[in-house]
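S.K.: There's a structure below that I have some questions on.
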Amino acid sequence: MTDKDYNDCVKLYADNVYRFIFKNMRHAEDAQDVVQTAFEKLWINKGQVEAGKAKSYLFTIAYHQMIDQLRKVKRMSYKEELSELALGTEHQPQRHLKKMLDEALATLTDTQRHLVMLKDYEGYSYQEIGEIMSLSDSQVKVYLHRARILLRNYLVQRDVGVSQAFNS
């Protein structure tokens, strides 16, 4: 990978990596640190990384850094500090939907949430997710399927409860 390839990676993938890490950590400063460390490691190892595999490499490094950070701090806080500001500009139904989705995601295990985020938010293939999370393709499929069932059940249950509350 050349310096130009590295700079292209920063332009192309910095936002995606940050979004993924921030969605999982829910803490802006920690997410920024993880992303910066991932790009630093890419810079250090740019001679060994092919330009075509840089995106996968970045997400893998960032994912492992995130796990290390969460273990080190031993803090699993899912509050978004800026969510109130961001939600203030949205319409009420969108705010309610986002809140329900965030609550549903919070019910999942870390692995399940990471799988859903990588597949459904970032659009990675099963193989790429397996490489990032050190899982086999079949494990990715099974775990993702189970996570989606849990999400569906949670959202259906919430929707029924909300509907009953409004109809009372």
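Ligands are numbered from 1 in the order shown, chains are lettered A, B, ... in the order of the structure tokens, and residues start at 1 in each chain.
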Could you pull out all residues of chain A with a DSSP call of alpha helix (DSSP H) and give them as a ChimeraX atom specification?
M.R.: /A:3-25,28-44,54-73,83-87,92-106,110-116,126-133,137-167
S.K.: Excluding Lys119 (chain A) and residues on its chain fewer than 5 positions from it, collect all residues at most 12 Å away from it, counting only C-alpha atoms, and give them as a list in words.
M.R.: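 After dropping sequence-adjacent residues, the list is Phe20, Gln112, Arg113, His114, Tyr124, Ser125, Tyr126, Gln127, Glu128, Ile129, Gly130, Ile132, Met133, Val140, Lys141, Tyr143, Leu144, His145, Ala147 and Arg148 of chain A.
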S.K.: Which residues are near region 38-54 of chain A? Cut-off 10 Å, only C-alpha atoms, ignore same chain within fewer than 3 positions. Put them as an MDAnalysis selection string.
M.R.: chainID A and resid 1:10 13:14 17 32:35 57:66
S.K.: May I have the residues within 12 Å of Ala104 (chain A) as a list in words, using only C-alpha atoms and disregarding those fewer than 5 positions away in the same chain?
M.R.: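 In the requested format, the answer is Tyr78, Leu97, Lys98, Lys99, Thr109, Gln112, Arg113, Val116, Ala147, Arg148, Ile149, Leu150, Leu151, Arg152, Asn153, Tyr154, Leu155, Val156, Gln157, Arg158 and Asp159 of chain A.
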S.K.: Keeping C-alpha atoms, export the residues of the selection given above as a PDB file, in the first residue's frame.
M.R.:
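Okay, result27.pdb is ready:
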```pdb
ATOM      1  CA  TYR A  78     -25.111   2.515  26.054  1.00  0.00           C
ATOM      2  CA  LEU A  97     -38.632   4.413  16.053  1.00  0.00           C
ATOM      3  CA  LYS A  98     -34.963   5.207  16.689  1.00  0.00           C
ATOM      4  CA  LYS A  99     -35.488   4.823  20.427  1.00  0.00           C
ATOM      5  CA  THR A 109     -25.350  -9.701  23.350  1.00  0.00           C
ATOM      6  CA  GLN A 112     -25.099 -10.342  18.193  1.00  0.00           C
ATOM      7  CA  ARG A 113     -25.182  -6.539  18.127  1.00  0.00           C
ATOM      8  CA  VAL A 116     -26.235  -6.938  13.072  1.00  0.00           C
ATOM      9  CA  ALA A 147     -30.079 -11.984  16.684  1.00  0.00           C
ATOM     10  CA  ARG A 148     -32.677 -11.015  14.089  1.00  0.00           C
ATOM     11  CA  ILE A 149     -35.244 -13.316  15.707  1.00  0.00           C
ATOM     12  CA  LEU A 150     -34.589 -11.677  19.080  1.00  0.00           C
ATOM     13  CA  LEU A 151     -34.892  -8.218  17.515  1.00  0.00           C
ATOM     14  CA  ARG A 152     -38.130  -9.136  15.762  1.00  0.00           C
ATOM     15  CA  ASN A 153     -39.643 -10.620  18.913  1.00  0.00           C
ATOM     16  CA  TYR A 154     -38.640  -7.590  20.970  1.00  0.00           C
ATOM     17  CA  LEU A 155     -40.046  -5.125  18.451  1.00  0.00           C
ATOM     18  CA  VAL A 156     -43.284  -7.062  17.992  1.00  0.00           C
ATOM     19  CA  GLN A 157     -43.728  -7.292  21.752  1.00  0.00           C
ATOM     20  CA  ARG A 158     -43.045  -3.558  22.133  1.00  0.00           C
ATOM     21  CA  ASP A 159     -45.387  -2.690  19.271  1.00  0.00           C
TER      22      ASP A 159
END
```
S.K.: Nearest residue to Met25 (chain A) out of A:Leu70, A:Leu135, A:Val142, A:Leu12, using only C-alpha atoms?
M.R.: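 Answer, going by the shortest atom-to-atom distance: A:Leu70.
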S.K.: Go through A:Asn16, A:Asn24, A:Thr37, A:Gln69 one by one, measure the shortest atom-to-atom distance of each to Asp110 (chain A) using only C-alpha atoms, and give the residue with the smallest value.
M.R.: A:Asn24
S.K.: Restricting the calculation to only C-alpha atoms, which member of A:Ile67, A:Ala28, A:Ser56, A:Lys72 is positioned closest to Thr111 (chain A)?
M.R.: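 When distances to Thr111 (chain A) are compared using only C-alpha atoms, the smallest one comes from A:Ile67.
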S.K.: To one decimal in Å, tell me the separation between CA of Lys55 (chain A) and CA of Ala106 (chain A).
M.R.: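 About the pair CA of Lys55 (chain A) and CA of Ala106 (chain A): they are 26.4 Å apart.
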S.K.: In Å, with one decimal, what is the gap from CA of Leu118 (chain A) to CA of His96 (chain A)?
M.R.: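 For CA of Leu118 (chain A) relative to CA of His96 (chain A), the distance reads 23.2 Å.
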S.K.: Could you work out how far CA of Thr107 (chain A) lies from CA of Lys23 (chain A), giving the answer in Å with one decimal?
M.R.: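 Answer for the CA of Lys23 (chain A) to CA of Thr107 (chain A) separation: 14.1 Å.
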